[in-house]
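S.K.: One structure follows; several queries about it will come next.
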Amino acid sequence: MTILHIITRLIQGGAQQNTVLSCAAQVRAGHEVHLAYGPIYGPEGSLLEEAKASGAVLHEVSSMRRAVNPWHDLRCYYALRKLIREIKPDVVHTHSSKAGIIGRASGWAVGAPVVVHTVHGLPFHDQQSRLVHKVYIALEKWAAKRCHHLIAITPAMVEAFEAEEIANENWFTVIPSGVDLSRFEIAHNAKAEARQKLGIDEDAPVIALLARLDALKGHDDIIDILPELEGRLPGIQVLFIGDGWRREHLQKRIAEADCSGHVRVMGFVPHEQIRDILPAADVKLLPSYQEGQSRTLIEALLCGCGIVAYEVGGIPSICIDGETGKLVPIGDKQALADAVVWMIEHPQERRAMTERGQSLVRENFSADFMTQEIEALYYRLLRSNSDGSDANR
């Protein structure tokens, strides 16, 4: 089988890690795999070296840009059509919003045997203006008619598409975004070693947010509740792990709040080093206002951290309130502070939740399970297309 994956940017992100893991597994399975992507730029970090190591044939499409630009977008459409004609893939598999729209249109126009798109996260959300929100929904409705099937990484993605009448559940297969579990085999003394490496006292309460520095990830909410946390949890330390365009804004806010002694903006940390740093935290927070599934919550559980998150998107599939972590109503900063304090003050209950979360992850969120399910779907779609049946939707 020849497979072409298309993604907007190969930055350090969940959709990108999912895609590169899929490429590597499909190459190992003996398929001819290609990966098309746009220029890699920005402070979030790059997955280019991991993509190269996957064994896939890489194609940088210079006109593939995240920002809306009719000239670049039209050039990208024709560039992808040309690439698809040259490769003649059995499957065109698109990822992320921009690549998903243009890639599906290109594959459909050329007549690729199977065109499939993964919804890693919702391109429309409540923090957008009404006009932008409507435009994204209209584009997704248009693109949904130009593919044979959709993959959702959580049931919440399906529900959101159904609610906006973009596509119904019959168009979808839910395949959780998997993590390479072998990367997170954590030693029993990982917490102590991580704290020693970072110069953090072994008794200090530590919380972390592993995410790109983006307006929707909730860093500002943590800064807002920090005065209360300092009063209730003396000596608390906060780790912002990741980089992004809002770094200057956050550093300014930290300075204005006079809490630089409690907050460390660590910048970009290569993915392979996360397991050496994240175990330093007692609790991993994700007060995100938009989220698909969150691989970082999975990684946090595997690193032995408790998890607290806003109840949004697909997060409840991992952070099950009272079972594997604490869920907080979106934007409720008082509830966020209370959840953090409870997790710190109840270490035994936190550890029990984390252990249940680890079991959930190992059963449902492995990279092996994900890639096997994706390959099985490809074959089903190819068979149904070849015999003329309507099994795709």
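Naming scheme: A, B, ... for chains in displayed order of the structure tokens; residues 1 onward per chain; ligands 1 onward as shown.
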Please identify every residue of segment 97-193 of chain A that has at least one atom no farther than 12 Å from an atom of segment 77-87 of chain A, counting only C-alpha atoms, and for each give the shortest atom pair and the distance in Å to one decimal, arranged by chain then increasing number, as a Markdown table.
M.R.:
```
| residue | atom | partner | partner_atom | distance |
| --- | --- | --- | --- | --- |
| A:Lys98 | CA | A:Tyr77 | CA | 10.7 |
| A:Ala99 | CA | A:Tyr77 | CA | 9.5 |
| A:Gly100 | CA | A:Tyr77 | CA | 11.2 |
| A:Ile101 | CA | A:Tyr77 | CA | 9.5 |
| A:Ile102 | CA | A:Tyr77 | CA | 5.8 |
| A:Gly103 | CA | A:Leu80 | CA | 6.8 |
| A:Arg104 | CA | A:Tyr77 | CA | 9.5 |
| A:Ala105 | CA | A:Tyr77 | CA | 7.6 |
| A:Ser106 | CA | A:Arg81 | CA | 5.1 |
| A:Gly107 | CA | A:Arg81 | CA | 6.7 |
| A:Trp108 | CA | A:Arg81 | CA | 9.2 |
| A:Ala109 | CA | A:Arg81 | CA | 7.6 |
| A:Val110 | CA | A:Arg81 | CA | 6.4 |
| A:Gly111 | CA | A:Arg85 | CA | 9.2 |
| A:Ala112 | CA | A:Ile84 | CA | 7.8 |
| A:Pro113 | CA | A:Ile84 | CA | 11.1 |
| A:Val114 | CA | A:Ile84 | CA | 11.9 |
| A:Val115 | CA | A:Ile84 | CA | 11.2 |
```
S.K.: Could you pull out the alpha helix (DSSP H) residues of segment 38-97 of chain A from DSSP and send them as an mmCIF file with C-alpha atoms, in the first residue's frame?
M.R.:
```
data_model
loop_
_atom_site.group_PDB
_atom_site.id
_atom_site.type_symbol
_atom_site.label_atom_id
_atom_site.label_comp_id
_atom_site.auth_asym_id
_atom_site.auth_seq_id
_atom_site.Cartn_x
_atom_site.Cartn_y
_atom_site.Cartn_z
ATOM 1 C CA LEU A 48 11.577 17.034 11.452
ATOM 2 C CA GLU A 49 14.326 14.737 12.725
ATOM 3 C CA GLU A 50 11.784 12.247 14.061
ATOM 4 C CA ALA A 51 9.956 12.401 10.739
ATOM 5 C CA LYS A 52 13.193 11.638 8.904
ATOM 6 C CA ALA A 53 13.873 8.727 11.261
ATOM 7 C CA PRO A 70 -5.677 32.850 -0.825
ATOM 8 C CA TRP A 71 -2.552 33.038 -2.994
ATOM 9 C CA HIS A 72 -0.555 30.535 -0.916
ATOM 10 C CA ASP A 73 -3.606 28.325 -0.424
ATOM 11 C CA LEU A 74 -4.311 28.100 -4.160
ATOM 12 C CA ARG A 75 -0.664 27.316 -4.891
ATOM 13 C CA CYS A 76 -0.731 24.667 -2.164
ATOM 14 C CA TYR A 77 -3.850 23.080 -3.685
ATOM 15 C CA TYR A 78 -2.182 22.683 -7.073
ATOM 16 C CA ALA A 79 1.122 21.570 -5.538
ATOM 17 C CA LEU A 80 -0.654 18.801 -3.614
ATOM 18 C CA ARG A 81 -2.612 17.748 -6.690
ATOM 19 C CA LYS A 82 0.673 17.419 -8.587
ATOM 20 C CA LEU A 83 2.284 15.464 -5.758
ATOM 21 C CA ILE A 84 -0.662 13.080 -5.508
ATOM 22 C CA ARG A 85 -0.576 12.431 -9.247
ATOM 23 C CA GLU A 86 3.155 11.664 -9.032
ATOM 24 C CA ILE A 87 2.964 9.379 -5.992
ATOM 25 C CA SER A 97 -7.171 22.125 9.832
#
```
S.K.: Select, from A:Ala208, A:Met353, A:Leu250, A:Ala192, the residue with the minimum atom-to-atom distance to Thr296 of chain A, counting only C-alpha atoms.
M.R.: A:Ala208
S.K.: Do you have the atom CA of Glu60 of chain A-atom CA of Gln273 of chain A distance handy?
M.R.: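 So the answer is 26.6 Å.
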S.K.: Can you tell me how far atom CA of Glu193 of chain A sits from atom CA of Pro279 of chain A, in Å to one decimal?
M.R.: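 One can read the atom CA of Glu193 of chain A to atom CA of Pro279 of chain A distance as 8.6 Å.
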S.K.: Out of A:Ile223, A:Ile40, A:Leu278, A:Ala367, which residue has the shortest atom-to-atom distance to Arg66 of chain A when counting only C-alpha atoms?
M.R.: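 Ranked by minimum distance to Arg66 of chain A, first place goes to A:Ile40.
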S.K.: Taking 6 positions as the minimum chain separation for residues in the same chain, which residues sit within 8 Å of His59 of chain A when counting only C-alpha atoms? Answer as a PyMOL selection string.
M.R.: chain A and resi 34-37
S.K.: May I have the selected residues written with N, CA and C atoms, as a PDB file, in the first residue's frame?
M.R.:
```pdb
ATOM      1  N   HIS A  34       4.665   8.361   2.464  1.00  0.00           N
ATOM      2  CA  HIS A  34       5.113   9.715   2.158  1.00  0.00           C
ATOM      3  C   HIS A  34       4.475  10.671   3.164  1.00  0.00           C
ATOM      4  N   LEU A  35       5.193  11.740   3.472  1.00  0.00           N
ATOM      5  CA  LEU A  35       4.688  12.757   4.392  1.00  0.00           C
ATOM      6  C   LEU A  35       4.928  14.133   3.796  1.00  0.00           C
ATOM      7  N   ALA A  36       3.840  14.865   3.534  1.00  0.00           N
ATOM      8  CA  ALA A  36       3.921  16.228   3.007  1.00  0.00           C
ATOM      9  C   ALA A  36       3.586  17.209   4.119  1.00  0.00           C
ATOM     10  N   TYR A  37       4.338  18.301   4.181  1.00  0.00           N
ATOM     11  CA  TYR A  37       4.172  19.264   5.275  1.00  0.00           C
ATOM     12  C   TYR A  37       4.638  20.641   4.803  1.00  0.00           C
TER      13      TYR A  37
END
```
S.K.: Could you name the residues that touch His148 of chain A at 12 Å or less, counting only C-alpha atoms, but leaving out those on the same chain fewer than 5 positions away, as an MDAnalysis selection string?
M.R.: chainID A and resid 91:94 104:105 107:108 111:118 143 167 170:173 377:378 380:382 384:385 389:393
S.K.: Would you mind exporting N, CA and C atoms of the selected residues as a CSV table (one decimal), in the first residue's frame?
M.R.:
```
chain,number,residue,atom,x,y,z
A,91,VAL,N,-3.9,5.7,-0.4
A,91,VAL,CA,-4.6,6.4,0.7
A,91,VAL,C,-4.0,7.8,0.8
A,92,VAL,N,-4.8,8.8,0.8
A,92,VAL,CA,-4.4,10.2,1.2
A,92,VAL,C,-5.0,10.4,2.6
A,93,HIS,N,-4.1,10.7,3.6
A,93,HIS,CA,-4.6,10.8,5.0
A,93,HIS,C,-4.1,12.2,5.4
A,94,THR,N,-5.1,13.1,5.7
A,94,THR,CA,-4.8,14.4,6.1
A,94,THR,C,-5.0,14.7,7.6
A,104,ARG,N,-7.7,17.3,1.5
A,104,ARG,CA,-8.9,16.6,1.1
A,104,ARG,C,-9.4,17.0,-0.3
A,105,ALA,N,-9.4,18.3,-0.5
A,105,ALA,CA,-9.8,18.9,-1.8
A,105,ALA,C,-8.9,18.3,-2.9
A,107,GLY,N,-6.9,15.6,-2.9
A,107,GLY,CA,-7.0,14.1,-3.1
A,107,GLY,C,-8.3,13.8,-3.8
A,108,TRP,N,-9.4,14.5,-3.4
A,108,TRP,CA,-10.7,14.2,-4.0
A,108,TRP,C,-10.7,14.6,-5.5
A,111,GLY,N,-8.9,12.1,-7.5
A,111,GLY,CA,-9.5,10.8,-7.6
A,111,GLY,C,-8.7,9.7,-6.8
A,112,ALA,N,-8.1,10.1,-5.7
A,112,ALA,CA,-7.3,9.1,-4.9
A,112,ALA,C,-8.3,8.0,-4.4
A,113,PRO,N,-7.9,6.8,-4.4
A,113,PRO,CA,-8.8,5.7,-4.0
A,113,PRO,C,-9.5,5.9,-2.7
A,114,VAL,N,-8.7,6.3,-1.7
A,114,VAL,CA,-9.2,6.6,-0.4
A,114,VAL,C,-8.7,7.9,0.1
A,115,VAL,N,-9.5,8.8,0.6
A,115,VAL,CA,-9.2,10.1,1.2
A,115,VAL,C,-9.8,10.0,2.6
A,116,VAL,N,-8.9,10.2,3.6
A,116,VAL,CA,-9.4,10.1,5.0
A,116,VAL,C,-8.8,11.2,5.8
A,117,HIS,N,-9.5,11.8,6.7
A,117,HIS,CA,-9.0,12.9,7.5
A,117,HIS,C,-9.2,12.6,9.0
A,118,THR,N,-8.2,12.9,9.8
A,118,THR,CA,-8.2,12.8,11.3
A,118,THR,C,-8.6,14.1,11.9
A,143,ALA,N,-15.4,20.4,3.3
A,143,ALA,CA,-14.3,19.4,3.2
A,143,ALA,C,-14.8,18.0,3.5
A,167,ALA,N,-21.0,16.4,9.9
A,167,ALA,CA,-21.0,15.0,9.5
A,167,ALA,C,-21.7,14.2,10.7
A,170,ASN,N,-21.9,8.1,11.5
A,170,ASN,CA,-21.6,7.0,10.6
A,170,ASN,C,-20.4,7.3,9.7
A,171,TRP,N,-20.0,8.6,9.6
A,171,TRP,CA,-18.9,9.0,8.8
A,171,TRP,C,-17.6,8.7,9.6
A,172,PHE,N,-17.7,8.4,10.9
A,172,PHE,CA,-16.5,8.5,11.8
A,172,PHE,C,-16.1,7.1,12.2
A,173,THR,N,-14.8,6.9,12.5
A,173,THR,CA,-14.3,5.9,13.3
A,173,THR,C,-13.5,6.6,14.4
A,377,LEU,N,-8.5,0.2,9.1
A,377,LEU,CA,-9.5,1.1,8.5
A,377,LEU,C,-9.2,1.4,7.0
A,378,TYR,N,-7.9,1.6,6.8
A,378,TYR,CA,-7.5,1.8,5.4
A,378,TYR,C,-7.9,0.6,4.5
A,380,ARG,N,-10.3,-1.6,5.0
A,380,ARG,CA,-11.7,-1.6,4.9
A,380,ARG,C,-12.2,-0.6,3.9
A,381,LEU,N,-11.7,0.6,3.9
A,381,LEU,CA,-12.1,1.6,2.9
A,381,LEU,C,-11.7,1.2,1.5
A,382,LEU,N,-10.5,0.7,1.3
A,382,LEU,CA,-10.1,0.3,0.0
A,382,LEU,C,-10.9,-0.8,-0.5
A,384,SER,N,-14.1,-1.5,0.3
A,384,SER,CA,-15.5,-1.0,0.1
A,384,SER,C,-15.5,-0.2,-1.2
A,385,ASN,N,-14.4,0.6,-1.4
A,385,ASN,CA,-14.4,1.4,-2.7
A,385,ASN,C,-14.2,0.6,-3.9
A,389,SER,N,-19.3,-0.7,-2.8
A,389,SER,CA,-20.3,-0.7,-1.7
A,389,SER,C,-20.2,0.7,-1.0
A,390,ASP,N,-21.2,1.0,-0.2
A,390,ASP,CA,-21.3,2.3,0.5
A,390,ASP,C,-21.0,2.2,2.0
A,391,ALA,N,-19.9,1.4,2.3
A,391,ALA,CA,-19.6,1.2,3.7
A,391,ALA,C,-18.8,2.3,4.3
A,392,ASN,N,-18.4,3.2,3.5
A,392,ASN,CA,-17.5,4.3,4.1
A,392,ASN,C,-18.2,5.2,5.0
A,393,ARG,N,-19.5,5.4,4.8
A,393,ARG,CA,-20.3,6.4,5.6
A,393,ARG,C,-21.6,5.8,6.0
```
S.K.: Taking only C-alpha atoms into account, name the residue in A:Asn69, A:Gln372, A:Ser62, A:Ser182 that is nearest to Gly38 of chain A.
M.R.: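 With only C-alpha atoms as the atom set, the closest residue is A:Ser62.
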S.K.: Which residues come within 9 Å of Ile153 of chain A, counting only C-alpha atoms, excluding same-chain residues fewer than 4 positions away, as a short mmCIF file (atom, residue, chain, number, x, y, z; two decimals) with N, CA and C atoms, in the first residue's frame?
M.R.:
```cif
data_model
loop_
_atom_site.label_atom_id
_atom_site.label_comp_id
_atom_site.auth_asym_id
_atom_site.auth_seq_id
_atom_site.Cartn_x
_atom_site.Cartn_y
_atom_site.Cartn_z
N THR A 118 -8.15 12.92 9.81
CA THR A 118 -8.24 12.77 11.26
C THR A 118 -8.55 14.12 11.89
N VAL A 119 -9.60 14.14 12.71
CA VAL A 119 -9.94 15.32 13.50
C VAL A 119 -9.18 15.21 14.82
N HIS A 120 -8.03 15.90 14.89
CA HIS A 120 -7.21 15.88 16.11
C HIS A 120 -7.74 16.85 17.15
N GLY A 121 -8.40 17.90 16.70
CA GLY A 121 -8.97 18.91 17.58
C GLY A 121 -9.94 19.74 16.76
N MET A 157 -15.18 14.65 19.65
CA MET A 157 -15.02 15.24 18.32
C MET A 157 -16.22 14.89 17.43
N VAL A 158 -16.68 13.65 17.52
CA VAL A 158 -17.84 13.22 16.74
C VAL A 158 -19.07 14.02 17.15
N THR A 173 -14.80 6.92 12.48
CA THR A 173 -14.27 5.86 13.33
C THR A 173 -13.46 6.55 14.42
N VAL A 174 -13.70 6.18 15.67
CA VAL A 174 -12.95 6.77 16.79
C VAL A 174 -11.70 5.92 17.04
N ILE A 175 -10.54 6.55 16.89
CA ILE A 175 -9.26 5.89 17.16
C ILE A 175 -8.46 6.83 18.05
N PRO A 176 -8.29 6.51 19.32
CA PRO A 176 -7.54 7.40 20.22
C PRO A 176 -6.12 7.64 19.73
N SER A 177 -5.64 8.84 19.99
CA SER A 177 -4.26 9.18 19.63
C SER A 177 -3.31 8.47 20.58
N GLY A 292 -8.21 18.60 21.89
CA GLY A 292 -8.72 17.40 21.24
C GLY A 292 -8.78 16.25 22.21
N GLN A 293 -7.60 15.73 22.57
CA GLN A 293 -7.53 14.62 23.51
C GLN A 293 -6.51 14.90 24.61
N GLY A 314 -12.01 16.46 24.29
CA GLY A 314 -11.86 15.05 24.60
C GLY A 314 -11.13 14.77 25.90
#
```
